[in-house]
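File shown: run-v9.csv (CSV, C-alpha atoms).
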```csv
chain,number,residue,atom,x,y,z
A,1,MET,CA,-39.2,26.9,33.9
A,2,LYS,CA,-37.1,24.4,32.0
A,3,SER,CA,-35.2,26.6,29.6
A,4,GLY,CA,-31.8,28.0,30.6
A,5,LEU,CA,-32.2,30.8,28.1
A,6,ALA,CA,-35.6,31.9,29.5
A,7,VAL,CA,-34.3,31.8,33.1
A,8,GLY,CA,-31.2,33.7,31.9
A,9,ILE,CA,-33.3,36.4,30.4
A,10,ILE,CA,-35.3,36.9,33.6
A,11,GLY,CA,-32.1,36.5,35.8
A,12,GLY,CA,-30.4,39.0,33.5
A,13,ILE,CA,-33.1,41.6,34.0
A,14,GLY,CA,-32.7,41.2,37.8
A,15,MET,CA,-29.0,41.4,37.5
A,16,ALA,CA,-29.1,44.4,35.3
A,17,ILE,CA,-31.4,46.3,37.7
A,18,ALA,CA,-29.3,45.4,40.7
A,19,ALA,CA,-26.0,46.3,39.0
A,20,THR,CA,-27.4,49.6,37.6
A,21,ILE,CA,-28.7,50.7,41.0
A,22,ASP,CA,-25.3,49.9,42.5
A,23,MET,CA,-23.4,51.7,39.7
A,24,VAL,CA,-25.6,54.8,39.6
A,25,LEU,CA,-25.6,55.2,43.4
A,26,SER,CA,-21.8,54.7,43.5
A,27,VAL,CA,-21.2,57.4,40.8
A,28,MET,CA,-23.8,59.8,42.4
A,29,THR,CA,-22.2,59.5,45.9
A,30,GLY,CA,-18.7,60.0,44.5
A,31,TRP,CA,-17.5,56.5,45.5
A,32,LEU,CA,-16.6,55.8,41.9
A,33,VAL,CA,-14.1,58.2,40.3
A,34,GLY,CA,-13.4,58.9,36.6
A,35,TYR,CA,-16.6,57.5,35.2
A,36,PRO,CA,-18.7,59.1,32.5
A,37,SER,CA,-22.2,60.6,33.0
A,38,ILE,CA,-24.8,58.8,35.1
A,39,GLU,CA,-26.9,58.2,32.0
A,40,THR,CA,-24.0,56.5,30.2
A,41,VAL,CA,-23.2,54.4,33.2
A,42,ALA,CA,-26.8,53.3,33.5
A,43,ILE,CA,-27.1,52.3,29.8
A,44,ILE,CA,-23.9,50.4,29.8
A,45,SER,CA,-24.6,48.7,33.1
A,46,LEU,CA,-28.1,47.7,32.0
A,47,GLY,CA,-27.0,46.3,28.6
A,48,ALA,CA,-23.9,44.5,29.7
A,49,ASN,CA,-25.5,42.8,32.8
A,50,PHE,CA,-28.6,41.8,30.9
A,51,PHE,CA,-26.4,40.1,28.2
A,52,TRP,CA,-24.2,38.4,30.7
A,53,GLY,CA,-27.2,37.3,32.7
A,54,ILE,CA,-28.4,35.3,29.6
A,55,VAL,CA,-25.0,33.7,29.2
A,56,PHE,CA,-24.8,32.8,32.9
A,57,GLY,CA,-28.4,31.4,32.7
A,58,ILE,CA,-27.4,29.1,29.8
A,59,ILE,CA,-24.3,27.9,31.7
A,60,TYR,CA,-26.4,27.3,34.8
A,61,ALA,CA,-28.7,24.9,32.9
A,62,ARG,CA,-25.7,23.0,31.6
A,63,LEU,CA,-23.9,22.8,35.0
A,64,TYR,CA,-27.2,22.2,37.0
A,65,ASP,CA,-26.4,18.6,38.1
A,66,SER,CA,-22.9,19.4,39.2
A,67,ILE,CA,-23.9,22.3,41.4
A,68,PRO,CA,-24.3,21.3,45.1
A,69,SER,CA,-27.6,21.7,47.0
A,70,LYS,CA,-31.2,22.3,45.8
A,71,GLY,CA,-33.5,25.1,44.7
A,72,ILE,CA,-32.6,28.6,45.8
A,73,TRP,CA,-29.4,27.4,47.5
A,74,LYS,CA,-28.2,25.8,44.3
A,75,GLY,CA,-28.8,29.2,42.5
A,76,LEU,CA,-27.0,31.1,45.3
A,77,ILE,CA,-24.0,28.8,45.2
A,78,TYR,CA,-23.8,29.3,41.5
A,79,GLY,CA,-24.2,33.1,41.8
A,80,ILE,CA,-21.4,33.3,44.4
A,81,MET,CA,-19.2,31.1,42.2
A,82,ILE,CA,-19.7,33.4,39.2
A,83,TYR,CA,-19.0,36.4,41.4
A,84,LEU,CA,-15.7,34.8,42.5
A,85,PHE,CA,-14.7,34.1,38.8
A,86,SER,CA,-15.8,37.4,37.4
A,87,ASN,CA,-15.3,40.1,40.1
A,88,ILE,CA,-12.9,39.1,42.8
A,89,TYR,CA,-10.4,37.6,40.4
A,90,LEU,CA,-10.3,40.7,38.3
A,91,VAL,CA,-9.7,43.0,41.3
A,92,SER,CA,-6.4,41.3,41.9
A,93,TYR,CA,-5.1,42.9,38.7
A,94,GLY,CA,-5.9,46.4,39.8
A,95,ILE,CA,-4.2,45.9,43.1
A,96,ALA,CA,-1.2,44.0,41.9
A,97,TYR,CA,-0.3,46.5,39.1
A,98,GLY,CA,-0.8,49.6,41.1
A,99,ASP,CA,-3.8,51.0,39.2
A,100,PRO,CA,-4.4,54.6,40.5
A,101,PHE,CA,-8.2,53.9,40.0
A,102,VAL,CA,-8.0,50.7,42.2
A,103,ILE,CA,-10.8,52.0,44.3
A,104,ASN,CA,-13.1,51.5,41.2
A,105,TRP,CA,-12.1,47.8,41.0
A,106,ASN,CA,-12.8,47.4,44.8
A,107,ILE,CA,-16.2,49.0,44.6
A,108,GLY,CA,-17.1,46.8,41.7
A,109,ALA,CA,-16.1,43.8,43.8
A,110,ILE,CA,-18.2,44.8,46.8
A,111,GLY,CA,-21.3,45.8,44.7
A,112,GLY,CA,-21.0,42.6,42.7
A,113,ILE,CA,-21.9,40.4,45.7
A,114,TYR,CA,-25.5,41.5,45.8
A,115,VAL,CA,-25.8,41.6,42.1
A,116,PHE,CA,-24.9,37.9,41.9
A,117,ILE,CA,-27.0,37.1,45.0
A,118,THR,CA,-30.0,38.6,43.1
A,119,PHE,CA,-29.2,36.6,40.0
A,120,GLY,CA,-28.6,33.3,42.0
A,121,VAL,CA,-31.9,33.6,43.8
A,122,ILE,CA,-33.8,34.2,40.6
A,123,VAL,CA,-32.3,31.3,38.7
A,124,GLY,CA,-32.5,29.1,41.8
A,125,ILE,CA,-36.3,29.7,42.1
A,126,LEU,CA,-37.2,29.6,38.4
A,127,TYR,CA,-35.1,26.9,36.9
A,128,LYS,CA,-36.4,23.3,37.0
A,129,LYS,CA,-34.6,20.7,35.1
A,130,GLU,CA,-36.4,18.4,32.7
A,131,SER,CA,-36.7,15.0,34.3
B,1,MET,CA,-2.7,14.2,40.2
B,2,LYS,CA,-6.1,13.6,41.8
B,3,SER,CA,-6.4,16.7,43.9
B,4,GLY,CA,-8.0,19.6,42.0
B,5,ILE,CA,-6.8,22.1,44.6
B,6,ILE,CA,-3.1,21.0,44.3
B,7,ALA,CA,-3.3,20.8,40.5
B,8,GLY,CA,-4.9,24.2,40.4
B,9,LEU,CA,-2.4,25.7,42.8
B,10,ILE,CA,0.5,24.6,40.6
B,11,ALA,CA,-1.2,25.7,37.4
B,12,GLY,CA,-2.0,29.0,39.1
B,13,LEU,CA,1.6,29.7,40.2
B,14,ILE,CA,2.8,28.9,36.6
B,15,GLY,CA,0.0,31.1,35.2
B,16,GLY,CA,1.0,33.9,37.6
B,17,ILE,CA,4.6,33.7,36.3
B,18,VAL,CA,3.3,33.8,32.7
B,19,GLU,CA,1.1,36.7,33.6
B,20,ASN,CA,4.0,38.7,34.9
B,21,ILE,CA,6.0,38.0,31.7
B,22,ALA,CA,2.9,39.1,29.7
B,23,PHE,CA,2.6,42.3,31.8
B,24,ILE,CA,6.2,43.3,31.3
B,25,THR,CA,6.0,42.4,27.6
B,26,GLY,CA,2.8,44.4,27.2
B,27,ALA,CA,4.2,47.4,29.0
B,28,THR,CA,7.5,47.3,27.1
B,29,LEU,CA,5.7,47.1,23.8
B,30,ARG,CA,3.5,50.0,24.9
B,31,ILE,CA,0.3,48.1,24.4
B,32,TRP,CA,-1.0,50.2,27.2
B,33,GLU,CA,0.6,52.8,29.4
B,34,PRO,CA,2.1,51.2,32.6
B,35,TYR,CA,0.1,52.4,35.6
B,36,GLN,CA,3.3,53.3,37.5
B,37,GLY,CA,5.1,55.0,34.5
B,38,VAL,CA,8.2,52.8,34.9
B,39,ILE,CA,8.8,49.3,35.9
B,40,SER,CA,11.3,49.6,38.8
B,41,SER,CA,12.9,46.8,40.7
B,42,THR,CA,10.7,47.6,43.7
B,43,PHE,CA,7.7,47.2,41.5
B,44,LEU,CA,8.9,43.8,40.2
B,45,ILE,CA,9.5,42.5,43.7
B,46,THR,CA,6.3,43.7,45.3
B,47,HIS,CA,3.6,43.8,42.7
B,48,LEU,CA,4.7,40.9,40.5
B,49,LEU,CA,5.3,38.5,43.5
B,50,PHE,CA,2.0,39.5,44.9
B,51,GLU,CA,0.3,38.7,41.6
B,52,ILE,CA,1.9,35.2,41.5
B,53,ILE,CA,0.7,34.5,45.0
B,54,ILE,CA,-2.8,35.7,44.3
B,55,THR,CA,-3.0,33.8,41.0
B,56,GLY,CA,-1.9,30.7,42.9
B,57,ILE,CA,-4.6,31.1,45.5
B,58,PHE,CA,-7.3,31.7,42.8
B,59,GLY,CA,-5.8,28.8,40.8
B,60,ALA,CA,-6.4,26.4,43.8
B,61,ILE,CA,-10.0,27.6,44.2
B,62,PHE,CA,-10.7,27.3,40.4
B,63,GLY,CA,-8.9,23.9,40.5
B,64,LEU,CA,-11.4,22.7,43.1
B,65,LEU,CA,-14.3,23.9,40.9
B,66,TYR,CA,-12.7,22.2,37.9
B,67,SER,CA,-12.7,18.9,39.8
B,68,MET,CA,-16.4,19.5,40.7
B,69,TYR,CA,-17.4,20.3,37.1
B,70,TYR,CA,-15.0,17.9,35.4
B,71,ASP,CA,-17.7,15.8,33.8
B,72,SER,CA,-19.6,18.8,32.6
B,73,THR,CA,-16.6,20.4,30.9
B,74,PRO,CA,-16.3,19.4,27.2
B,75,GLY,CA,-13.2,17.8,25.8
B,76,LYS,CA,-10.6,15.4,27.2
B,77,GLY,CA,-7.3,15.8,29.1
B,78,ILE,CA,-5.4,19.0,28.2
B,79,VAL,CA,-8.2,20.2,25.8
B,80,LYS,CA,-10.7,19.9,28.7
B,81,GLY,CA,-8.4,22.1,30.9
B,82,LEU,CA,-7.9,24.6,28.0
B,83,PHE,CA,-11.7,24.8,27.6
B,84,PHE,CA,-12.1,25.5,31.3
B,85,GLY,CA,-9.4,28.2,31.2
B,86,LEU,CA,-11.1,29.9,28.2
B,87,ILE,CA,-14.5,29.8,29.9
B,88,LEU,CA,-12.8,31.6,32.9
B,89,TYR,CA,-11.3,34.1,30.5
B,90,LEU,CA,-14.7,34.8,28.9
B,91,ILE,CA,-16.6,35.3,32.2
B,92,SER,CA,-13.9,37.2,34.0
B,93,ASN,CA,-11.6,39.1,31.7
B,94,VAL,CA,-13.7,39.6,28.5
B,95,ARG,CA,-16.8,40.5,30.6
B,96,GLY,CA,-14.8,42.9,32.7
B,97,ALA,CA,-13.0,44.4,29.7
B,98,ILE,CA,-16.3,45.1,27.9
B,99,SER,CA,-17.7,47.0,30.8
B,100,LEU,CA,-14.4,48.8,31.5
B,101,ALA,CA,-14.1,49.9,27.9
B,102,GLY,CA,-17.7,51.1,27.9
B,103,TYR,CA,-17.0,53.3,30.9
B,104,GLY,CA,-13.9,54.7,29.2
B,105,PHE,CA,-11.2,52.8,31.1
B,106,ILE,CA,-9.4,51.7,28.0
B,107,THR,CA,-6.1,50.9,29.7
B,108,ASN,CA,-7.8,48.7,32.3
B,109,ALA,CA,-9.7,46.9,29.5
B,110,LYS,CA,-6.5,46.3,27.5
B,111,VAL,CA,-4.7,45.0,30.6
B,112,SER,CA,-7.6,42.6,31.4
B,113,LEU,CA,-7.8,41.2,27.9
B,114,TRP,CA,-4.0,40.9,27.4
B,115,LEU,CA,-3.1,39.4,30.7
B,116,GLY,CA,-6.1,37.1,30.9
B,117,ILE,CA,-5.5,35.3,27.6
B,118,PHE,CA,-1.9,34.3,28.4
B,119,THR,CA,-2.6,33.5,32.1
B,120,LEU,CA,-5.7,31.5,31.7
B,121,THR,CA,-4.6,29.6,28.5
B,122,VAL,CA,-1.5,28.4,30.3
B,123,TYR,CA,-3.4,27.8,33.5
B,124,GLY,CA,-6.0,25.7,31.7
B,125,LEU,CA,-3.4,23.7,29.8
B,126,VAL,CA,-1.4,22.9,33.0
B,127,LEU,CA,-4.5,22.1,34.9
B,128,GLY,CA,-5.8,19.8,32.2
B,129,TYR,CA,-2.4,18.0,32.1
B,130,LEU,CA,-2.0,17.6,35.9
B,131,TYR,CA,-5.5,16.8,37.1
B,132,LYS,CA,-6.7,13.2,36.7
B,133,PRO,CA,-10.1,12.5,38.4
B,134,THR,CA,-10.5,9.5,40.7
B,135,LYS,CA,-12.6,6.7,39.0
```

Exercise: express the given structure as structure tokens:
Amino acid sequence: MKSGLAVGIIGGIGMAIAATIDMVLSVMTGWLVGYPSIETVAIISLGANFFWGIVFGIIYARLYDSIPSKGIWKGLIYGIMIYLFSNIYLVSYGIAYGDPFVINWNIGAIGGIYVFITFGVIVGILYKKES
Amino acid sequence: MKSGIIAGLIAGLIGGIVENIAFITGATLRIWEPYQGVISSTFLITHLLFEIIITGIFGAIFGLLYSMYYDSTPGKGIVKGLFFGLILYLISNVRGAISLAGYGFITNAKVSLWLGIFTLTVYGLVLGYLYKPTK
């Protein structure tokens, strides 16, 4: 597949499913506190992660040559990099400023790792740059 | 400066100081309710110092990535750094804030948007100014 947009759409679907499973399970088990209903969490998680999957897919195609390694590993490295940017960095806010819901930020950080692994594997397998 | 890590570390430490100023300003202006109710001297020493250190560490990591993706980042010099900082803002703070607001955590969303724009704009500008790639 040679389109970053198309890869992003498929990667976004995978990311949305992985993130929604994580969020719904975390709310159901009581790990996440102060969240709205499971249905609302699922809808927001699906929509937001699908959208950002498309954005990340387009960026992946642009950065492709600069990312180390090949194939799946290239996708995985990219996924971990995005995870570092988007989840881990944000968690530092919640900790530094004494957010009483800091546990939510931490769970988001932990759950994010396999969401971005899923995304990285999908784009790593699917995307082939035009030669 | 030819090391992305060192340039990023310095930019991150400066960004962390700016972030603290933005946090105190935002809390004072009541843009959101401070998590702790009041900003005490203990809070300033522990939390704000912690955030400067954390931002410095992340700054060094992001600086390394900036040096790796230097050629792929649009613009030149300071503008290139600014673009990189704003991309970071988009995929970390804006992305996080949209989800947080959707889940009803409006305070967290406001904090994320407010702090990120000052921190990462300054971070990007300093990084763009300091980092010069080896030819």

Query raised in the report: Within 7 Å of chain A, which residues of chain B show up when using all atoms listed in the file, listed as a PyMOL selection string?
Result: chain B and resi 35-36+47-48+50-51+68-69+72+88+91-93+99+102-103

Query - Gap from CA of Phe62 (chain B) to CA of Ile10 (chain A) - Å, one decimal - result: 27.3 Å

Query - A:Gly57, A:Phe116, A:Val33, A:Glu39 ranked by distance to Val7 (chain A), top pick (using all atoms listed in the file) - result: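 Closest candidate: A:Gly57.
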
Requested in this report: Please provide the set of residues having any atom within 10 Å of Ile17 (chain B), restricted to all atoms listed in the file, with same-chain residues fewer than 3 positions apart removed, written as a VMD selection string.
Outcome: chain B and resid 11 to 14 20 to 23 48 to 49 51 to 53 55 to 56 119

Requested in this report: Would you list the contacts of Ile21 (chain A) as a list in words, taking every protein, DNA or RNA residue within 10 Å and counting all atoms listed in the file, but skipping same-chain residues closer than 4 positions in sequence?
Outcome: Met15, Ala16, Ile17, Leu25, Ser26, Ala42, Ser45, Leu46, Gly111 and Val115 of chain A

**Report entry** Residues near Ile117 (chain B), cut-off 10 Å, all atoms listed in the file, skip fewer than 5 positions along chain, as number ranges by chain
**Finding:** B: 19, 22, 85-86, 88-90, 93-94, 112, 122-123

Report summary line: Among A:Tyr78, A:Tyr114, A:Phe50, A:Trp73, Gly11 (chain A) is approached most closely, using only C-alpha atoms, by A:Phe50

Report summary line: Between B:Tyr131, B:Tyr66, B:Ile57, B:Lys110, smallest distance to Ala27 (chain B) by only C-alpha atoms belongs to B:Lys110

Query raised in the report: Using only C-alpha atoms, which of the listed residues (B:Ile6, B:Ser67, B:Ile45, B:Leu82) sits closest to Val126 (chain B)?
Result: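 Among the listed residues, B:Leu82 lies closest to Val126 (chain B).
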
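You will find CA of Val24 (chain A) at 24.4 Å from CA of Leu76 (chain A).
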
Query - Residue nearest Val123 (chain A) among A:Ser69, A:Ala19, A:Gly12, A:Ile38 (counting only C-alpha atoms) - result: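 Result for the nearest residue to Val123 (chain A): A:Gly12.
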
**Report entry** For Ala6 (chain A), the nearest of the candidates A:Val27, A:Ile54, A:Ile80, A:Ile59, counting all atoms listed in the file
**Finding:**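 Closest to Ala6 (chain A) of all the choices is A:Ile54.
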
Report task. Just give me the gap between CA of Lys2 (chain A) and CA of Leu126 (chain A) in Å, one decimal is fine. Result -> 8.2 Å

Requested in this report: Write out as a ChimeraX atom specification each polymer residue whose atoms come within 10 Å of Leu64 (chain B), counting only C-alpha atoms; drop sequence neighbours fewer than 6 positions from it.
Outcome: /B:3-9,58,70
